[in-house]
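Source file: target.cif. Holds: mmCIF, C-alpha atoms.
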```cif
data_data
#
loop_
_atom_site.group_PDB
_atom_site.id
_atom_site.type_symbol
_atom_site.label_atom_id
_atom_site.label_comp_id
_atom_site.auth_asym_id
_atom_site.auth_seq_id
_atom_site.Cartn_x
_atom_site.Cartn_y
_atom_site.Cartn_z
ATOM 1 C CA MET A 1 -113.742 -7.743 0.138
ATOM 2 C CA GLU A 2 -114.884 -6.901 3.668
ATOM 3 C CA THR A 3 -118.258 -8.552 2.970
ATOM 4 C CA PHE A 4 -116.508 -11.687 1.710
ATOM 5 C CA ALA A 5 -114.285 -11.836 4.814
ATOM 6 C CA GLN A 6 -117.310 -11.363 7.071
ATOM 7 C CA SER A 7 -119.181 -14.175 5.339
ATOM 8 C CA LEU A 8 -116.151 -16.452 5.449
ATOM 9 C CA VAL A 9 -115.593 -15.950 9.180
ATOM 10 C CA SER A 10 -119.295 -16.417 9.970
ATOM 11 C CA GLY A 11 -119.359 -19.568 7.862
ATOM 12 C CA VAL A 12 -116.327 -21.086 9.589
ATOM 13 C CA LEU A 13 -117.724 -20.347 13.063
ATOM 14 C CA THR A 14 -121.101 -21.896 12.236
ATOM 15 C CA GLY A 15 -119.506 -24.731 10.266
ATOM 16 C CA ALA A 16 -117.492 -25.873 13.295
ATOM 17 C CA LEU A 17 -120.780 -26.422 15.159
ATOM 18 C CA TYR A 18 -122.254 -28.235 12.157
ATOM 19 C CA ALA A 19 -119.154 -30.427 12.137
ATOM 20 C CA MET A 20 -119.835 -31.576 15.695
ATOM 21 C CA ILE A 21 -123.269 -32.810 14.644
ATOM 22 C CA GLY A 22 -121.753 -34.698 11.702
ATOM 23 C CA ILE A 23 -118.966 -36.225 13.802
ATOM 24 C CA GLY A 24 -121.494 -37.858 16.144
ATOM 25 C CA LEU A 25 -123.344 -39.486 13.251
ATOM 26 C CA THR A 26 -120.236 -40.557 11.369
ATOM 27 C CA VAL A 27 -118.599 -42.132 14.461
ATOM 28 C CA VAL A 28 -121.679 -44.287 15.028
ATOM 29 C CA PHE A 29 -121.838 -45.280 11.372
ATOM 30 C CA GLY A 30 -118.127 -46.075 11.234
ATOM 31 C CA VAL A 31 -118.360 -48.647 14.030
ATOM 32 C CA MET A 32 -121.930 -49.924 13.869
ATOM 33 C CA ARG A 33 -122.790 -49.380 10.197
ATOM 34 C CA ILE A 34 -126.138 -47.857 11.108
ATOM 35 C CA ILE A 35 -127.531 -44.466 10.126
ATOM 36 C CA ASN A 36 -129.272 -42.983 13.159
ATOM 37 C CA LEU A 37 -132.200 -40.949 11.855
ATOM 38 C CA ALA A 38 -132.962 -39.836 15.430
ATOM 39 C CA HIS A 39 -129.612 -38.025 15.620
ATOM 40 C CA GLY A 40 -131.244 -34.645 14.924
ATOM 41 C CA GLU A 41 -133.626 -35.167 17.850
ATOM 42 C CA MET A 42 -130.642 -35.827 20.125
ATOM 43 C CA VAL A 43 -129.291 -32.417 19.085
ATOM 44 C CA MET A 44 -132.716 -30.903 19.787
ATOM 45 C CA LEU A 45 -132.708 -32.415 23.298
ATOM 46 C CA GLY A 46 -129.312 -30.838 23.934
ATOM 47 C CA MET A 47 -130.685 -27.472 22.827
ATOM 48 C CA PHE A 48 -133.673 -27.716 25.142
ATOM 49 C CA GLY A 49 -131.449 -28.970 27.947
ATOM 50 C CA ALA A 50 -129.460 -25.731 27.691
ATOM 51 C CA PHE A 51 -132.696 -23.700 27.533
ATOM 52 C CA TRP A 52 -134.352 -25.285 30.558
ATOM 53 C CA GLY A 53 -131.090 -25.309 32.494
ATOM 54 C CA GLN A 54 -130.982 -21.531 32.171
ATOM 55 C CA LYS A 55 -134.732 -21.037 32.650
ATOM 56 C CA LEU A 56 -135.159 -23.211 35.743
ATOM 57 C CA TRP A 57 -131.734 -23.208 37.405
ATOM 58 C CA LYS A 58 -130.112 -20.012 36.033
ATOM 59 C CA LEU A 59 -127.342 -22.197 34.608
ATOM 60 C CA ASP A 60 -125.224 -20.625 31.881
ATOM 61 C CA PRO A 61 -125.786 -22.647 28.655
ATOM 62 C CA PHE A 62 -122.087 -23.185 28.063
ATOM 63 C CA VAL A 63 -121.522 -24.292 31.666
ATOM 64 C CA SER A 64 -124.468 -26.682 31.306
ATOM 65 C CA LEU A 65 -122.353 -28.521 28.721
ATOM 66 C CA LEU A 66 -120.744 -30.246 31.724
ATOM 67 C CA VAL A 67 -124.182 -31.515 32.775
ATOM 68 C CA TRP A 68 -125.917 -32.424 29.528
ATOM 69 C CA THR A 69 -123.012 -34.094 27.703
ATOM 70 C CA PRO A 70 -122.602 -36.934 30.251
ATOM 71 C CA LEU A 71 -126.387 -37.231 30.611
ATOM 72 C CA MET A 72 -126.748 -37.636 26.843
ATOM 73 C CA PHE A 73 -123.970 -40.245 26.900
ATOM 74 C CA VAL A 74 -125.925 -42.239 29.487
ATOM 75 C CA ALA A 75 -129.117 -41.803 27.431
ATOM 76 C CA GLY A 76 -127.308 -43.137 24.348
ATOM 77 C CA VAL A 77 -125.999 -46.164 26.243
ATOM 78 C CA LEU A 78 -129.492 -46.923 27.554
ATOM 79 C CA LEU A 79 -131.012 -46.516 24.077
ATOM 80 C CA TYR A 80 -128.522 -49.018 22.726
ATOM 81 C CA ARG A 81 -128.903 -51.555 25.533
ATOM 82 C CA LEU A 82 -132.689 -51.413 25.839
ATOM 83 C CA LEU A 83 -133.780 -50.797 22.239
ATOM 84 C CA LEU A 84 -131.185 -50.958 19.474
ATOM 85 C CA ARG A 85 -129.165 -54.013 20.502
ATOM 86 C CA LYS A 86 -131.971 -56.368 19.540
ATOM 87 C CA ILE A 87 -132.745 -54.527 16.292
ATOM 88 C CA ILE A 88 -129.272 -54.203 14.762
ATOM 89 C CA PRO A 89 -128.874 -57.931 13.857
ATOM 90 C CA GLY A 90 -132.011 -57.593 11.705
ATOM 91 C CA GLY A 91 -130.101 -55.543 9.135
ATOM 92 C CA GLU A 92 -129.608 -51.931 8.070
ATOM 93 C CA LEU A 93 -133.176 -51.434 6.830
ATOM 94 C CA ASN A 94 -134.576 -52.442 10.214
ATOM 95 C CA THR A 95 -132.360 -49.996 12.085
ATOM 96 C CA LEU A 96 -133.126 -47.247 9.568
ATOM 97 C CA LEU A 97 -136.885 -47.674 10.054
ATOM 98 C CA TYR A 98 -136.514 -48.091 13.801
ATOM 99 C CA THR A 99 -134.494 -44.906 14.274
ATOM 100 C CA ALA A 100 -136.928 -43.057 11.994
ATOM 101 C CA GLY A 101 -139.746 -44.141 14.321
ATOM 102 C CA LEU A 102 -137.671 -43.126 17.336
ATOM 103 C CA SER A 103 -137.141 -39.707 15.733
ATOM 104 C CA LEU A 104 -140.887 -39.193 15.321
ATOM 105 C CA LEU A 105 -141.571 -40.387 18.868
ATOM 106 C CA VAL A 106 -139.032 -38.052 20.489
ATOM 107 C CA ALA A 107 -140.132 -35.053 18.392
ATOM 108 C CA ASN A 108 -143.812 -35.570 19.191
ATOM 109 C CA LEU A 109 -143.154 -36.118 22.897
ATOM 110 C CA ALA A 110 -141.216 -32.835 22.860
ATOM 111 C CA LEU A 111 -144.137 -31.123 21.103
ATOM 112 C CA LEU A 112 -146.529 -32.511 23.707
ATOM 113 C CA ALA A 113 -144.340 -31.398 26.601
ATOM 114 C CA TRP A 114 -143.090 -28.034 25.328
ATOM 115 C CA THR A 115 -145.579 -27.048 22.560
ATOM 116 C CA GLY A 116 -144.429 -25.805 19.168
ATOM 117 C CA ASP A 117 -143.541 -22.297 20.325
ATOM 118 C CA TYR A 118 -140.243 -20.818 19.190
ATOM 119 C CA ARG A 119 -137.854 -20.001 22.013
ATOM 120 C CA THR A 120 -134.522 -18.242 22.316
ATOM 121 C CA ILE A 121 -131.767 -18.093 24.916
ATOM 122 C CA SER A 122 -130.772 -14.617 26.095
ATOM 123 C CA LEU A 123 -127.266 -14.063 27.427
ATOM 124 C CA SER A 124 -125.893 -11.063 29.303
ATOM 125 C CA TYR A 125 -122.803 -11.296 27.091
ATOM 126 C CA GLY A 126 -124.791 -11.798 23.899
ATOM 127 C CA VAL A 127 -123.091 -8.891 22.152
ATOM 128 C CA THR A 128 -121.129 -8.484 18.947
ATOM 129 C CA VAL A 129 -117.480 -7.491 18.790
ATOM 130 C CA ARG A 130 -115.674 -6.179 15.697
ATOM 131 C CA PRO A 131 -112.025 -7.267 15.515
ATOM 132 C CA PHE A 132 -110.469 -5.977 12.269
ATOM 133 C CA GLY A 133 -113.914 -4.685 11.266
ATOM 134 C CA ILE A 134 -115.460 -8.179 11.177
ATOM 135 C CA ALA A 135 -118.598 -8.617 13.298
ATOM 136 C CA ILE A 136 -118.456 -11.702 15.531
ATOM 137 C CA ALA A 137 -121.176 -12.651 18.008
ATOM 138 C CA VAL A 138 -119.552 -13.476 21.348
ATOM 139 C CA PRO A 139 -121.765 -16.554 22.049
ATOM 140 C CA LEU A 140 -120.928 -17.964 18.611
ATOM 141 C CA ALA A 141 -117.219 -17.369 19.189
ATOM 142 C CA ILE A 142 -117.379 -19.141 22.568
ATOM 143 C CA ALA A 143 -119.271 -22.043 21.009
ATOM 144 C CA PHE A 144 -116.623 -22.250 18.269
ATOM 145 C CA VAL A 145 -113.778 -22.482 20.804
ATOM 146 C CA LEU A 146 -115.628 -25.117 22.840
ATOM 147 C CA ALA A 147 -116.372 -27.111 19.671
ATOM 148 C CA ILE A 148 -112.659 -27.098 18.821
ATOM 149 C CA LEU A 149 -111.774 -28.263 22.345
ATOM 150 C CA ILE A 150 -114.335 -31.076 22.231
ATOM 151 C CA THR A 151 -113.148 -32.194 18.795
ATOM 152 C CA VAL A 152 -109.493 -32.199 19.885
ATOM 153 C CA THR A 153 -110.426 -34.139 23.028
ATOM 154 C CA LEU A 154 -112.281 -36.678 20.909
ATOM 155 C CA GLY A 155 -109.258 -37.041 18.622
ATOM 156 C CA LEU A 156 -106.967 -37.629 21.615
ATOM 157 C CA PHE A 157 -109.423 -40.148 23.059
ATOM 158 C CA LEU A 158 -109.584 -42.112 19.804
ATOM 159 C CA SER A 159 -105.823 -42.085 19.263
ATOM 160 C CA ARG A 160 -104.346 -42.273 22.786
ATOM 161 C CA THR A 161 -106.640 -44.548 24.831
ATOM 162 C CA ASN A 162 -107.153 -48.303 24.621
ATOM 163 C CA LEU A 163 -110.909 -47.896 24.253
ATOM 164 C CA GLY A 164 -110.405 -45.299 21.535
ATOM 165 C CA ARG A 165 -108.071 -47.624 19.644
ATOM 166 C CA ALA A 166 -110.631 -50.413 20.034
ATOM 167 C CA ILE A 167 -113.281 -48.137 18.499
ATOM 168 C CA ARG A 168 -111.001 -47.352 15.555
ATOM 169 C CA ALA A 169 -110.087 -51.017 15.089
ATOM 170 C CA THR A 170 -113.737 -52.078 15.149
ATOM 171 C CA SER A 171 -114.546 -49.360 12.609
ATOM 172 C CA GLN A 172 -111.835 -50.648 10.247
ATOM 173 C CA ASN A 173 -112.399 -54.402 10.621
ATOM 174 C CA PRO A 174 -114.996 -55.814 13.079
ATOM 175 C CA GLU A 175 -114.123 -59.459 12.361
ATOM 176 C CA ALA A 176 -110.410 -58.968 12.998
ATOM 177 C CA SER A 177 -111.239 -56.985 16.148
ATOM 178 C CA VAL A 178 -113.167 -59.942 17.558
ATOM 179 C CA LEU A 179 -110.231 -62.248 16.804
ATOM 180 C CA MET A 180 -107.918 -59.820 18.631
ATOM 181 C CA GLY A 181 -110.057 -60.084 21.764
ATOM 182 C CA ILE A 182 -111.911 -56.781 21.526
ATOM 183 C CA ASP A 183 -115.383 -56.792 23.081
ATOM 184 C CA VAL A 184 -117.218 -55.485 20.010
ATOM 185 C CA GLU A 185 -120.544 -55.361 21.853
ATOM 186 C CA ARG A 186 -119.083 -53.059 24.510
ATOM 187 C CA VAL A 187 -117.406 -50.939 21.839
ATOM 188 C CA ALA A 188 -120.718 -50.530 19.991
ATOM 189 C CA MET A 189 -122.493 -49.500 23.202
ATOM 190 C CA VAL A 190 -119.839 -46.907 24.095
ATOM 191 C CA THR A 191 -119.747 -45.631 20.503
ATOM 192 C CA PHE A 192 -123.502 -45.053 20.388
ATOM 193 C CA GLY A 193 -123.303 -43.280 23.741
ATOM 194 C CA LEU A 194 -120.422 -41.169 22.419
ATOM 195 C CA GLY A 195 -122.324 -40.247 19.258
ATOM 196 C CA THR A 196 -125.381 -39.261 21.310
ATOM 197 C CA ALA A 197 -123.212 -37.216 23.698
ATOM 198 C CA LEU A 198 -121.639 -35.353 20.767
ATOM 199 C CA ALA A 199 -125.112 -34.622 19.383
ATOM 200 C CA GLY A 200 -126.248 -33.290 22.768
ATOM 201 C CA ALA A 201 -123.093 -31.184 23.130
ATOM 202 C CA ALA A 202 -123.619 -29.738 19.647
ATOM 203 C CA GLY A 203 -127.184 -28.860 20.627
ATOM 204 C CA VAL A 204 -126.005 -27.026 23.750
ATOM 205 C CA LEU A 205 -123.469 -25.049 21.711
ATOM 206 C CA LEU A 206 -126.005 -24.210 18.989
ATOM 207 C CA ALA A 207 -128.797 -23.207 21.383
ATOM 208 C CA PRO A 208 -127.718 -19.562 21.990
ATOM 209 C CA SER A 209 -127.447 -18.946 18.227
ATOM 210 C CA LEU A 210 -130.635 -20.590 16.896
ATOM 211 C CA TYR A 211 -134.361 -20.595 17.503
ATOM 212 C CA LEU A 212 -135.464 -23.580 19.593
ATOM 213 C CA TYR A 213 -138.539 -25.624 18.687
ATOM 214 C CA PRO A 214 -139.302 -29.352 19.061
ATOM 215 C CA THR A 215 -139.058 -30.200 15.350
ATOM 216 C CA VAL A 216 -135.733 -28.423 14.736
ATOM 217 C CA GLY A 217 -134.149 -31.895 14.555
ATOM 218 C CA GLU A 218 -135.736 -32.431 11.123
ATOM 219 C CA LEU A 219 -133.682 -29.587 9.659
ATOM 220 C CA LEU A 220 -130.544 -30.566 11.558
ATOM 221 C CA ILE A 221 -130.566 -34.210 10.446
ATOM 222 C CA VAL A 222 -130.786 -33.068 6.828
ATOM 223 C CA LYS A 223 -127.794 -30.784 7.355
ATOM 224 C CA CYS A 224 -126.046 -33.681 9.051
ATOM 225 C CA PHE A 225 -126.499 -35.871 5.966
ATOM 226 C CA VAL A 226 -125.132 -33.088 3.779
ATOM 227 C CA ILE A 227 -122.065 -32.880 6.037
ATOM 228 C CA VAL A 228 -121.287 -36.599 6.124
ATOM 229 C CA VAL A 229 -121.839 -36.979 2.386
ATOM 230 C CA LEU A 230 -119.520 -34.036 1.696
ATOM 231 C CA GLY A 231 -116.850 -35.467 3.975
ATOM 232 C CA GLY A 232 -117.342 -39.166 3.300
ATOM 233 C CA LEU A 233 -119.551 -41.287 5.560
ATOM 234 C CA GLY A 234 -117.499 -42.816 8.373
ATOM 235 C CA SER A 235 -114.653 -40.277 8.217
ATOM 236 C CA VAL A 236 -114.217 -38.011 11.268
ATOM 237 C CA PRO A 237 -111.780 -35.612 9.506
ATOM 238 C CA GLY A 238 -114.200 -35.603 6.567
ATOM 239 C CA ALA A 239 -117.103 -34.651 8.864
ATOM 240 C CA ILE A 240 -115.064 -31.728 10.219
ATOM 241 C CA ALA A 241 -114.187 -30.538 6.717
ATOM 242 C CA GLY A 242 -117.749 -31.119 5.472
ATOM 243 C CA GLY A 243 -119.277 -29.146 8.351
ATOM 244 C CA ILE A 244 -117.009 -26.163 7.811
ATOM 245 C CA LEU A 245 -117.551 -26.296 4.042
ATOM 246 C CA LEU A 246 -121.336 -26.339 4.487
ATOM 247 C CA GLY A 247 -121.172 -23.406 6.908
ATOM 248 C CA VAL A 248 -119.058 -21.366 4.479
ATOM 249 C CA VAL A 249 -121.242 -22.227 1.474
ATOM 250 C CA GLU A 250 -124.425 -21.268 3.350
ATOM 251 C CA SER A 251 -122.899 -18.019 4.609
ATOM 252 C CA LEU A 252 -121.602 -16.969 1.181
ATOM 253 C CA GLY A 253 -124.858 -18.046 -0.464
ATOM 254 C CA ALA A 254 -126.907 -15.929 1.947
ATOM 255 C CA VAL A 255 -124.862 -12.842 1.018
ATOM 256 C CA TYR A 256 -124.268 -13.303 -2.711
ATOM 257 C CA VAL A 257 -127.438 -15.184 -3.725
ATOM 258 C CA SER A 258 -130.260 -14.837 -1.187
ATOM 259 C CA GLY A 259 -130.809 -15.580 2.480
ATOM 260 C CA ALA A 260 -134.044 -17.345 1.506
ATOM 261 C CA TYR A 261 -132.093 -19.898 -0.560
ATOM 262 C CA LYS A 262 -129.283 -20.436 1.971
ATOM 263 C CA ASP A 263 -130.324 -24.001 2.844
ATOM 264 C CA GLY A 264 -131.129 -24.810 -0.781
ATOM 265 C CA ILE A 265 -127.584 -23.959 -1.882
ATOM 266 C CA GLY A 266 -126.245 -26.529 0.569
ATOM 267 C CA PHE A 267 -128.601 -29.151 -0.854
ATOM 268 C CA VAL A 268 -127.479 -28.384 -4.405
ATOM 269 C CA LEU A 269 -123.893 -28.995 -3.290
ATOM 270 C CA PHE A 270 -125.075 -32.218 -1.625
ATOM 271 C CA LEU A 271 -126.664 -33.478 -4.859
ATOM 272 C CA ALA A 272 -123.617 -32.535 -6.922
ATOM 273 C CA VAL A 273 -121.292 -34.477 -4.620
ATOM 274 C CA LEU A 274 -123.622 -37.498 -4.685
ATOM 275 C CA LEU A 275 -123.645 -37.376 -8.471
ATOM 276 C CA TYR A 276 -119.953 -36.860 -9.184
ATOM 277 C CA ARG A 277 -118.180 -38.194 -6.082
ATOM 278 C CA PRO A 278 -120.421 -40.521 -4.011
ATOM 279 C CA SER A 279 -117.537 -41.359 -1.654
ATOM 280 C CA GLY A 280 -117.388 -37.713 -0.538
ATOM 281 C CA LEU A 281 -115.019 -34.886 -1.285
ATOM 282 C CA PHE A 282 -112.608 -36.046 1.403
ATOM 283 C CA GLY A 283 -113.232 -39.793 1.255
ATOM 284 C CA ALA A 284 -111.567 -42.427 -0.862
ATOM 285 C CA GLY A 285 -112.224 -42.122 -4.564
ATOM 286 C CA ARG A 286 -114.269 -44.601 -6.509
#
```
Using structure tokens, write down the structure that the file contains.
Amino acid sequence: METFAQSLVSGVLTGALYAMIGIGLTVVFGVMRIINLAHGEMVMLGMFGAFWGQKLWKLDPFVSLLVWTPLMFVAGVLLYRLLLRKIIPGGELNTLLYTAGLSLLVANLALLAWTGDYRTISLSYGVTVRPFGIAIAVPLAIAFVLAILITVTLGLFLSRTNLGRAIRATSQNPEASVLMGIDVERVAMVTFGLGTALAGAAGVLLAPSLYLYPTVGELLIVKCFVIVVLGGLGSVPGAIAGGILLGVVESLGAVYVSGAYKDGIGFVLFLAVLLYRPSGLFGAGR
């Protein structure tokens, strides 16, 4: 029973960070109807931002969230304005291929700049505490709390601000939004910046708990697809639920099956959901 509780807690903590990655992708898809295959590389850039911030400027990775999140937002806005805006009218296949190329470009530039060495972030408070006999890594617990705060802030932004309501309206019905006077082009630009910022923030939060290497985005984008398929593509609450579910399934699978097959168990769940409920476990039924 203690082992089960330990696995469950570890899965929920990790799953909240997974959820942040999925939220960024699903917000962009909901408004723009594009699947950004470079999303994993945006997470990787956030991870390396936290690493180099500590290495060069002695900046605590969690404090650096205040630096890298707005920078990633600006990077997302520039990517949309300079590159994607002209591609999107060409259709979903064009954007899919374009973002796949962007993913390869960013990953290889990172390899060229930083080599393929594995890196880790060391923290003075990187210890484990044991409340109620359950081992919890302090950095992971801090990342979990920050992920909750960011998610709640995003929810308040989408529900309480005019721009947030415009994003939701555009996601539900772009044509009606145009007729209501919403600047859909501006909404798309802000949404892509927001999705990129969420990816960067997720990378910063994940960095103290994972190995860093330039191609880590390949693994993360696969996990991201598992999350959004589990939750229903385009659904923010679904992405949250899907991320936590994936974290729990991986954690339990590592204990009760094998740590070597942890990722594979998540993919089996992914295939089962695609087969029996393509709209996602938390999306609308067929």
Item to complete: Run the PyMOL selection byres ((chain A and resi 218) around 12) against the file shown and list the residues it catches, as a ChimeraX atom specification.
Response: /A:37-44,100,103-104,106-108,213-217,219-225
Would you output that residue set with C-alpha atoms, as a PDB file, in the coordinates of the input?
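out_23.pdb written:
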```
ATOM      1  CA  LEU A  37    -132.200 -40.949  11.855  1.00  0.00           C
ATOM      2  CA  ALA A  38    -132.962 -39.836  15.430  1.00  0.00           C
ATOM      3  CA  HIS A  39    -129.612 -38.025  15.620  1.00  0.00           C
ATOM      4  CA  GLY A  40    -131.244 -34.645  14.924  1.00  0.00           C
ATOM      5  CA  GLU A  41    -133.626 -35.167  17.850  1.00  0.00           C
ATOM      6  CA  MET A  42    -130.642 -35.827  20.125  1.00  0.00           C
ATOM      7  CA  VAL A  43    -129.291 -32.417  19.085  1.00  0.00           C
ATOM      8  CA  MET A  44    -132.716 -30.903  19.787  1.00  0.00           C
ATOM      9  CA  ALA A 100    -136.928 -43.057  11.994  1.00  0.00           C
ATOM     10  CA  SER A 103    -137.141 -39.707  15.733  1.00  0.00           C
ATOM     11  CA  LEU A 104    -140.887 -39.193  15.321  1.00  0.00           C
ATOM     12  CA  VAL A 106    -139.032 -38.052  20.489  1.00  0.00           C
ATOM     13  CA  ALA A 107    -140.132 -35.053  18.392  1.00  0.00           C
ATOM     14  CA  ASN A 108    -143.812 -35.570  19.191  1.00  0.00           C
ATOM     15  CA  TYR A 213    -138.539 -25.624  18.687  1.00  0.00           C
ATOM     16  CA  PRO A 214    -139.302 -29.352  19.061  1.00  0.00           C
ATOM     17  CA  THR A 215    -139.058 -30.200  15.350  1.00  0.00           C
ATOM     18  CA  VAL A 216    -135.733 -28.423  14.736  1.00  0.00           C
ATOM     19  CA  GLY A 217    -134.149 -31.895  14.555  1.00  0.00           C
ATOM     20  CA  LEU A 219    -133.682 -29.587   9.659  1.00  0.00           C
ATOM     21  CA  LEU A 220    -130.544 -30.566  11.558  1.00  0.00           C
ATOM     22  CA  ILE A 221    -130.566 -34.210  10.446  1.00  0.00           C
ATOM     23  CA  VAL A 222    -130.786 -33.068   6.828  1.00  0.00           C
ATOM     24  CA  LYS A 223    -127.794 -30.784   7.355  1.00  0.00           C
ATOM     25  CA  CYS A 224    -126.046 -33.681   9.051  1.00  0.00           C
ATOM     26  CA  PHE A 225    -126.499 -35.871   5.966  1.00  0.00           C
TER      27      PHE A 225
END
```
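Closest approach to Tyr256 in chain A among A:Val178, A:Ile150, A:Leu271, A:Leu8 is made by A:Leu8 (distances from only C-alpha atoms).
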Item to complete: Decode the PyMOL selection byres ((chain A and resi 34) around 8) for the given file into explicit residues and return them as a list in words.
Response: Val28, Phe29, Met32, Arg33, Ile35, Asn36, Ile88, Glu92, Thr95 and Leu96 of chain A
Worksheet entry | Among listed residues A:Pro131, A:Gly195, A:Gly91, A:Pro208, nearest Met20 in chain A (using only C-alpha atoms) |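 Of all the options, A:Gly195 lies closest to Met20 in chain A.
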Practice prompt. Report the distance between CA of Gly231 in chain A and CA of Thr69 in chain A in Å, rounded to one decimal place.
Written response: 24.6 Å
Fill in: Residue IDs satisfying the PyMOL selection byres ((chain A and resi 136-146) around 8), as a list in words
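Evaluating the PyMOL selection byres ((chain A and resi 136-146) around 8) on this file yields Ser10, Leu13, Thr14, Ala16, Leu17, Phe62, Tyr125, Gly126, Val127, Thr128, Val129, Arg130, Pro131, Ile134, Ala135, Ala147, Ile148, Leu149, Ile150, Leu205, Leu206, Pro208 and Ser209 of chain A.
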Practice prompt. Just the residues within 6 Å of Gly193 in chain A, please, counting all atoms listed in the file, with nothing from its chain fewer than 6 positions along; format it as a ChimeraX atom specification.
Written response: /A:73,76-77
Worksheet entry | Using all atoms listed in the file: which of A:Gly133, A:Gly30, A:Gly46, A:Gly22 has the shortest distance to Val226 in chain A |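 Closest residue, counting all atoms listed in the file: A:Gly22.
Going from CA of Ala197 in chain A over to CA of Val74 in chain A, you cover 8.1 Å.
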Worksheet entry | Selection: 6 Å around Gly243 in chain A, all atoms listed in the file, excl. self and same-chain fewer than 3 positions, as a list in words |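 Skipping anything fewer than 3 positions along the chain leaves Gly15, Tyr18, Ala19, Ile227, Ala239, Ile240 and Leu246 of chain A.
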Discussion item. Please determine, counting all atoms listed in the file, which residue among A:Ala50, A:Leu56, A:Met72, A:Leu281 has the shortest atom-to-atom distance to Gly200 in chain A.
Written reply: A:Met72
Worksheet item: For Lys58 in chain A, which of A:Ile121, A:Val31, A:Val190, A:Leu82 is the closest residue, counting all atoms listed in the file?
Response: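 Ranked by minimum distance to Lys58 in chain A, first place goes to A:Ile121.
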Worksheet entry | Residue with smallest distance to Glu185 in chain A - pool A:Val255, A:Leu84, A:Val9, A:Val204, counting only C-alpha atoms | A:Leu84
Give me the residues within 12 Å of Leu230 in chain A as a short mmCIF file (atom, residue, chain, number, x, y, z; two decimals) with C-alpha atoms, keeping the file's coordinate frame, counting only C-alpha atoms and dropping any in the same chain fewer than 6 places off.
```cif
data_model
loop_
_atom_site.label_atom_id
_atom_site.label_comp_id
_atom_site.auth_asym_id
_atom_site.auth_seq_id
_atom_site.Cartn_x
_atom_site.Cartn_y
_atom_site.Cartn_z
CA ALA A 19 -119.15 -30.43 12.14
CA GLY A 22 -121.75 -34.70 11.70
CA THR A 26 -120.24 -40.56 11.37
CA LYS A 223 -127.79 -30.78 7.36
CA CYS A 224 -126.05 -33.68 9.05
CA VAL A 236 -114.22 -38.01 11.27
CA PRO A 237 -111.78 -35.61 9.51
CA GLY A 238 -114.20 -35.60 6.57
CA ALA A 239 -117.10 -34.65 8.86
CA ILE A 240 -115.06 -31.73 10.22
CA ALA A 241 -114.19 -30.54 6.72
CA GLY A 242 -117.75 -31.12 5.47
CA GLY A 243 -119.28 -29.15 8.35
CA ILE A 244 -117.01 -26.16 7.81
CA LEU A 245 -117.55 -26.30 4.04
CA LEU A 246 -121.34 -26.34 4.49
CA GLY A 247 -121.17 -23.41 6.91
CA VAL A 249 -121.24 -22.23 1.47
CA GLY A 266 -126.24 -26.53 0.57
CA PHE A 267 -128.60 -29.15 -0.85
CA VAL A 268 -127.48 -28.38 -4.40
CA LEU A 269 -123.89 -29.00 -3.29
CA PHE A 270 -125.08 -32.22 -1.62
CA LEU A 271 -126.66 -33.48 -4.86
CA ALA A 272 -123.62 -32.53 -6.92
CA VAL A 273 -121.29 -34.48 -4.62
CA LEU A 274 -123.62 -37.50 -4.68
CA LEU A 275 -123.64 -37.38 -8.47
CA TYR A 276 -119.95 -36.86 -9.18
CA ARG A 277 -118.18 -38.19 -6.08
CA PRO A 278 -120.42 -40.52 -4.01
CA SER A 279 -117.54 -41.36 -1.65
CA GLY A 280 -117.39 -37.71 -0.54
CA LEU A 281 -115.02 -34.89 -1.28
CA PHE A 282 -112.61 -36.05 1.40
CA GLY A 283 -113.23 -39.79 1.25
CA ALA A 284 -111.57 -42.43 -0.86
#
```
To test the calculation: enclose all listed atoms of range 100-113 of chain A in a box whose edges run along x, y and z, add 3 Å on each side, then state centre and edge lengths in Å to one decimal, as AutoDock Vina command-line options.
```
--center_x -141.7 --center_y -37.6 --center_z 19.3 --size_x 15.6 --size_y 19.0 --size_z 20.6
```
Practice prompt. Could you please determine the separation between CA of Leu59 in chain A and CA of Asp117 in chain A in Å, to one decimal place?
Written response: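 These two atoms are separated by 21.6 Å.
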Discussion item. Would you pick out the contacts of Ala207 in chain A at 8 Å or less, using all atoms listed in the file, so that residues sharing its chain but fewer than 3 positions from it are not included, and give the list as a list of chain:residue names?
Written reply: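 Neighbouring residues, sequence-local ones excluded: A:Met47, A:Phe48, A:Ala50, A:Phe51, A:Pro61, A:Thr120, A:Ile121, A:Gly203, A:Val204, A:Leu210, A:Tyr211, A:Leu212.
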Discussion item. As a list in words, please: the residues near Leu179 in chain A (cut-off 12 Å, all atoms listed in the file, same-chain neighbours under 6 positions excluded).
Written reply: Ala169, Thr170 and Asn173 of chain A
